[in-house]
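Participant: I am attaching a structure below and will ask some questions about it afterwards.
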Amino acid sequence: MTGKILLAAGGTGGHIIPSIAFGQWLKRKDESVVWLTGSRELEEKIYQAHGVTPLKISLEGSPLGVRGLRSLRRWKQLAGSFFECRAVLARESIARCVLFGGYLSMPVLLAARSLGIPVLMHEQNTVAGKVTRFAARMNVPIACAWSECKGLEKNKFVTAGLPLRQLELTDQKQAQGRLLGAPLGEGEKLVIILGGSLGSGGMKNMLQNSQDMIKSTGCKILCMGIAPEQRPFPEALTHEACWDMSLVYSAADAVVCRAGASTLAELNALGIPVIVVPWAASADDHQSHNARAFAAQTGAPVLNENDAPRDFAAALAALPKRRPAESDLNAASANLYKVLCSLNA
């Protein structure tokens, strides 16, 4: 492919990490890539953790869902960001754009169309986001991570999968020693709790309510991204948040997580057993839809935060053994690249 490719992603890791994964795969194919993001501090942290320095525009979020002066400021930013995006696309001589959803996609989509630059939209979730639905009405090609996508007609998208970042897995016992200070004893299982970059409070309550039954399963609980004083019960282990999940995934016997599409795709590809607890406040309840689709595909149990402690303990006790990772972790990136190459530049 000739010409530079711009990858636009902002908001949370669910949008940004697939764009990083795809961009790094493209660079290994000697493609010229630049990333574009907004002005949130979280976005900068995620990119930095993966060794990527993106271009930025002065937009900090969608004007929808917020009120008052904050909403007015964002509407003003959104209008100005269209011209910022046009300037970036022209200055960088961009030949194609790939948008990974979220608030950032709208000004990039409009700017690219105004300049006649081909655009491809990638939808990570089983529920199409607002910009994805808008793009479909504009006949923008859409590649979805799943074979279903609520809000889009079947003929409006192709299924490409979800690009996975490079993870360097190591020996499980060695990883546990590095993560915990010492590997677990014989017969003990390490269950890692991932609350997601947003909305993890309800997960803590679920663990607190289930603590007695958790202890009876012989599982050690490690909560990622919380301080020791916030642990759900005294025996629970904690670890600071990290974006490079290689060590965490290497150490885990199982994971309890939200239903973010990127996390589910990574865990499934790596063969790690999962208990899914969807975040109830997700936009358009997309995490519940993701969880149901994932359960249908893998058989993973899906729980709600308010389920009885015995349900959580039963799910822990019934988790299968970890299986080997898939042999090809780059299939989704290759699929997405094929769709991108088909665009007229």
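Ordering of the structure tokens sets the chain letters (A, B, ...), residue numbers begin anew at 1 in every chain, and ligands are numbered from 1 in the order given.
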What lies within 9 Å of Asn205 (chain A) using only C-alpha atoms, ignoring chain neighbours under 6 positions off, as a PyMOL selection string?
Facilitator: chain A and resi 232+305-306
Participant: For the residues selected in the previous step, produce a file with C-alpha atoms as a PDB file, in the first residue's frame.
Facilitator:
```pdb
ATOM      1  CA  PRO A 232     -12.266  -5.809  49.199  1.00  0.00           C
ATOM      2  CA  GLU A 305     -22.631  -7.347  40.356  1.00  0.00           C
ATOM      3  CA  ASN A 306     -25.675  -8.121  42.526  1.00  0.00           C
TER       4      ASN A 306
END
```
Participant: Excluding Ala90 (chain A) and residues on its chain fewer than 2 positions from it, collect all residues at most 10 Å away from it, counting only C-alpha atoms, and give them as a PyMOL selection string.
Facilitator: chain A and resi 85-88+92-95+111-112+115+117
Participant: Taking only C-alpha atoms into account, name the residue in A:Ser246, A:Arg231, A:Asn290, A:Gly299 that is nearest to Thr170 (chain A).
Facilitator: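 So, comparing all the options, the nearest one is A:Ser246.
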Participant: Under the rule of at most 9 Å, produce a per-residue listing of region 126-198 of chain A near region 316-337 of chain A: chain, number, name, the closest pair of atoms, and the distance in Å, as a tab-separated table, using only C-alpha atoms.
Facilitator:
```
residue	atom	partner	partner_atom	distance
A:Ala143	CA	A:Leu336	CA	7.1
A:Ala145	CA	A:Ala332	CA	8.1
A:Thr159	CA	A:Asn335	CA	8.5
A:Ala160	CA	A:Asn335	CA	5.3
A:Gly161	CA	A:Ala332	CA	4.6
A:Leu162	CA	A:Ala332	CA	5.3
A:Pro163	CA	A:Ser333	CA	4.9
A:Leu164	CA	A:Leu329	CA	6.5
A:Arg165	CA	A:Leu329	CA	8.5
A:Gln166	CA	A:Leu329	CA	8.3
A:Val191	CA	A:Leu316	CA	8.6
```
Participant: Near Tyr103 (chain A), counting only C-alpha atoms, which residues have an atom at most 9 Å away, once you skip same-chain residues fewer than 6 positions from it, shown as number ranges by chain?
Facilitator: A: 9-11, 38, 59-63, 130-131
Participant: Go through A:Thr126, A:Thr12, A:Gln211, A:Gln287 and flag the residue nearest Glu235 (chain A), using only C-alpha atoms for the distances.
Facilitator: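 Ranking A:Thr126, A:Thr12, A:Gln211, A:Gln287 by distance to Glu235 (chain A), first place goes to A:Gln211.
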Participant: Write out as a ChimeraX atom specification which residues come within 12 Å of Leu264 (chain A) when counting only C-alpha atoms, dropping same-chain ones fewer than 3 positions away.
Facilitator: /A:14,124-125,145-146,161-164,194,196,255-261,267-278,287,290-295,297-298,300
Participant: Write a file of the just-selected residues containing N, CA and C atoms, as a short mmCIF file (atom, residue, chain, number, x, y, z; two decimals), in the first residue's frame.
Facilitator:
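Done, and the output landed in part.cif:
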```
data_model
loop_
_atom_site.label_atom_id
_atom_site.label_comp_id
_atom_site.auth_asym_id
_atom_site.auth_seq_id
_atom_site.Cartn_x
_atom_site.Cartn_y
_atom_site.Cartn_z
N GLY A 14 -10.34 0.73 25.47
CA GLY A 14 -11.11 -0.09 24.55
C GLY A 14 -11.05 0.40 23.12
N GLN A 124 -15.53 -1.96 17.77
CA GLN A 124 -15.06 -3.01 18.66
C GLN A 124 -16.20 -3.78 19.34
N ASN A 125 -17.35 -3.15 19.52
CA ASN A 125 -18.41 -3.72 20.34
C ASN A 125 -19.51 -4.36 19.51
N ALA A 145 -15.67 -6.14 15.02
CA ALA A 145 -14.92 -7.19 15.71
C ALA A 145 -15.73 -8.47 15.84
N TRP A 146 -17.08 -8.35 15.81
CA TRP A 146 -17.96 -9.48 16.04
C TRP A 146 -18.78 -9.77 14.78
N GLY A 161 -12.73 -9.10 13.16
CA GLY A 161 -12.07 -9.41 14.41
C GLY A 161 -11.49 -8.17 15.04
N LEU A 162 -10.79 -8.34 16.15
CA LEU A 162 -10.25 -7.22 16.90
C LEU A 162 -8.73 -7.31 16.98
N PRO A 163 -8.01 -6.31 16.45
CA PRO A 163 -6.55 -6.36 16.48
C PRO A 163 -6.01 -6.52 17.91
N LEU A 164 -5.05 -7.42 18.07
CA LEU A 164 -4.47 -7.72 19.37
C LEU A 164 -3.05 -7.19 19.44
N LEU A 194 -9.88 -7.61 37.01
CA LEU A 194 -9.66 -6.43 36.18
C LEU A 194 -10.96 -5.63 36.15
N GLY A 196 -11.42 -2.70 34.70
CA GLY A 196 -11.58 -1.81 33.55
C GLY A 196 -11.15 -0.41 33.90
N VAL A 255 -9.37 -14.98 35.05
CA VAL A 255 -9.57 -13.54 35.18
C VAL A 255 -11.06 -13.27 35.35
N VAL A 256 -11.37 -12.31 36.24
CA VAL A 256 -12.71 -11.76 36.35
C VAL A 256 -12.64 -10.35 35.81
N CYS A 257 -13.46 -10.04 34.81
CA CYS A 257 -13.29 -8.74 34.14
C CYS A 257 -14.62 -8.19 33.66
N ARG A 258 -14.58 -6.93 33.29
CA ARG A 258 -15.70 -6.29 32.60
C ARG A 258 -15.80 -6.87 31.20
N ALA A 259 -16.76 -6.38 30.45
CA ALA A 259 -16.99 -6.91 29.11
C ALA A 259 -16.49 -5.97 28.02
N GLY A 260 -15.36 -5.31 28.28
CA GLY A 260 -14.72 -4.54 27.23
C GLY A 260 -14.24 -5.47 26.13
N ALA A 261 -14.48 -5.10 24.89
CA ALA A 261 -14.20 -6.00 23.77
C ALA A 261 -12.73 -6.36 23.66
N LEU A 267 -8.04 -12.16 26.21
CA LEU A 267 -8.12 -13.31 27.12
C LEU A 267 -8.50 -14.58 26.37
N ASN A 268 -9.43 -14.46 25.44
CA ASN A 268 -9.84 -15.63 24.67
C ASN A 268 -8.69 -16.13 23.80
N ALA A 269 -7.98 -15.22 23.15
CA ALA A 269 -6.86 -15.62 22.29
C ALA A 269 -5.74 -16.27 23.09
N LEU A 270 -5.56 -15.85 24.33
CA LEU A 270 -4.49 -16.39 25.17
C LEU A 270 -4.91 -17.63 25.95
N GLY A 271 -6.18 -18.02 25.84
CA GLY A 271 -6.64 -19.25 26.48
C GLY A 271 -6.89 -19.13 27.97
N ILE A 272 -7.09 -17.91 28.47
CA ILE A 272 -7.28 -17.68 29.90
C ILE A 272 -8.77 -17.77 30.24
N PRO A 273 -9.17 -18.65 31.16
CA PRO A 273 -10.59 -18.72 31.55
C PRO A 273 -11.08 -17.39 32.13
N VAL A 274 -12.34 -17.07 31.86
CA VAL A 274 -12.88 -15.76 32.19
C VAL A 274 -14.24 -15.89 32.87
N ILE A 275 -14.47 -15.06 33.88
CA ILE A 275 -15.80 -14.77 34.39
C ILE A 275 -16.09 -13.33 34.02
N VAL A 276 -17.18 -13.09 33.32
CA VAL A 276 -17.48 -11.75 32.81
C VAL A 276 -18.55 -11.09 33.69
N VAL A 277 -18.23 -9.86 34.12
CA VAL A 277 -19.18 -9.06 34.92
C VAL A 277 -19.37 -7.74 34.19
N PRO A 278 -20.38 -7.62 33.32
CA PRO A 278 -20.53 -6.40 32.51
C PRO A 278 -20.73 -5.17 33.38
N GLN A 287 -21.80 -3.38 27.06
CA GLN A 287 -21.06 -4.45 27.71
C GLN A 287 -21.91 -5.69 27.96
N ASN A 290 -21.92 -7.39 24.67
CA ASN A 290 -20.62 -8.04 24.46
C ASN A 290 -20.52 -9.34 25.26
N ALA A 291 -20.95 -9.27 26.53
CA ALA A 291 -20.85 -10.43 27.42
C ALA A 291 -21.67 -11.60 26.89
N ARG A 292 -22.88 -11.32 26.43
CA ARG A 292 -23.73 -12.40 25.93
C ARG A 292 -23.13 -13.03 24.66
N ALA A 293 -22.60 -12.19 23.78
CA ALA A 293 -21.98 -12.72 22.56
C ALA A 293 -20.73 -13.53 22.90
N PHE A 294 -19.96 -13.06 23.87
CA PHE A 294 -18.74 -13.77 24.27
C PHE A 294 -19.10 -15.11 24.91
N ALA A 295 -20.13 -15.11 25.75
CA ALA A 295 -20.57 -16.35 26.39
C ALA A 295 -21.05 -17.36 25.36
N GLN A 297 -20.02 -17.60 22.37
CA GLN A 297 -18.86 -18.03 21.59
C GLN A 297 -17.94 -18.96 22.38
N THR A 298 -17.81 -18.71 23.69
CA THR A 298 -16.79 -19.41 24.49
C THR A 298 -17.35 -20.26 25.63
N ALA A 300 -18.16 -18.89 28.49
CA ALA A 300 -17.76 -18.21 29.73
C ALA A 300 -18.98 -17.80 30.54
#
```
Participant: CA of Trp243 (chain A) and CA of His122 (chain A) are how many Å apart?
Facilitator: 21.7 Å
Participant: Restricting the calculation to only C-alpha atoms: of A:Ser105, A:Gly225, A:Val302, A:Cys149, which residue gets closest to Phe134 (chain A)?
Facilitator: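 Using only C-alpha atoms, Phe134 (chain A) sits closest to A:Ser105.
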Participant: With distances taken over only C-alpha atoms, which residue among A:Ala252, A:Glu43, A:Cys341, A:Leu167 lies nearest Pro183 (chain A)?
Facilitator: A:Ala252
Participant: Could you work out how far CA of Ala308 (chain A) lies from CA of Ala296 (chain A), giving the answer in Å with one decimal?
Facilitator: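 Pair CA of Ala296 (chain A) / CA of Ala308 (chain A) returns 22.4 Å.
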Participant: What parts of region 181-285 of chain A does DSSP call alpha helix (DSSP H)? I'd like the answer as a ChimeraX atom specification.
Facilitator: /A:201-216,246-251,261-270
Participant: Using only C-alpha atoms, which of A:Pro18, A:Gly101, A:Leu179, A:Lys76 sits nearest Ile142 (chain A)?
Facilitator: A:Gly101
Participant: Env of Ile214 (chain A): 10 Å cut, atoms = only C-alpha atoms, seq-sep filter 3 positions within chain, self excluded. Answer as a ChimeraX atom specification.
Facilitator: /A:207-211,217-221,309-310,312-314,316-317
Participant: Those same residues - C-alpha atoms - I'd like them written as a compact mmCIF listing (two decimals), in the first residue's frame.
Facilitator:
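The new file again.txt reads:
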```
# COMPACT_ATOMS: atom_id res chain seq x y z
CA LEU A 207 -15.98 -9.47 46.04
CA GLN A 208 -16.71 -8.22 49.55
CA ASN A 209 -20.04 -10.02 49.60
CA SER A 210 -18.47 -13.24 48.29
CA GLN A 211 -15.29 -13.31 50.39
CA THR A 217 -12.44 -22.40 46.63
CA GLY A 218 -8.69 -22.22 47.26
CA CYS A 219 -8.33 -19.26 44.91
CA LYS A 220 -6.07 -16.30 45.61
CA ILE A 221 -7.59 -13.00 44.50
CA PRO A 309 -22.15 -14.91 46.50
CA ARG A 310 -22.77 -18.61 45.89
CA PHE A 312 -19.71 -16.26 42.04
CA ALA A 313 -18.13 -19.06 44.09
CA ALA A 314 -19.75 -21.67 41.85
CA LEU A 316 -14.91 -19.87 40.26
CA ALA A 317 -15.06 -23.54 41.16
```
Participant: Rounded to one decimal, what separation in Å do you get between CA of Thr263 (chain A) and CA of Ile16 (chain A)?
Facilitator: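 Taking CA of Thr263 (chain A) and CA of Ile16 (chain A), their separation equals 12.1 Å.
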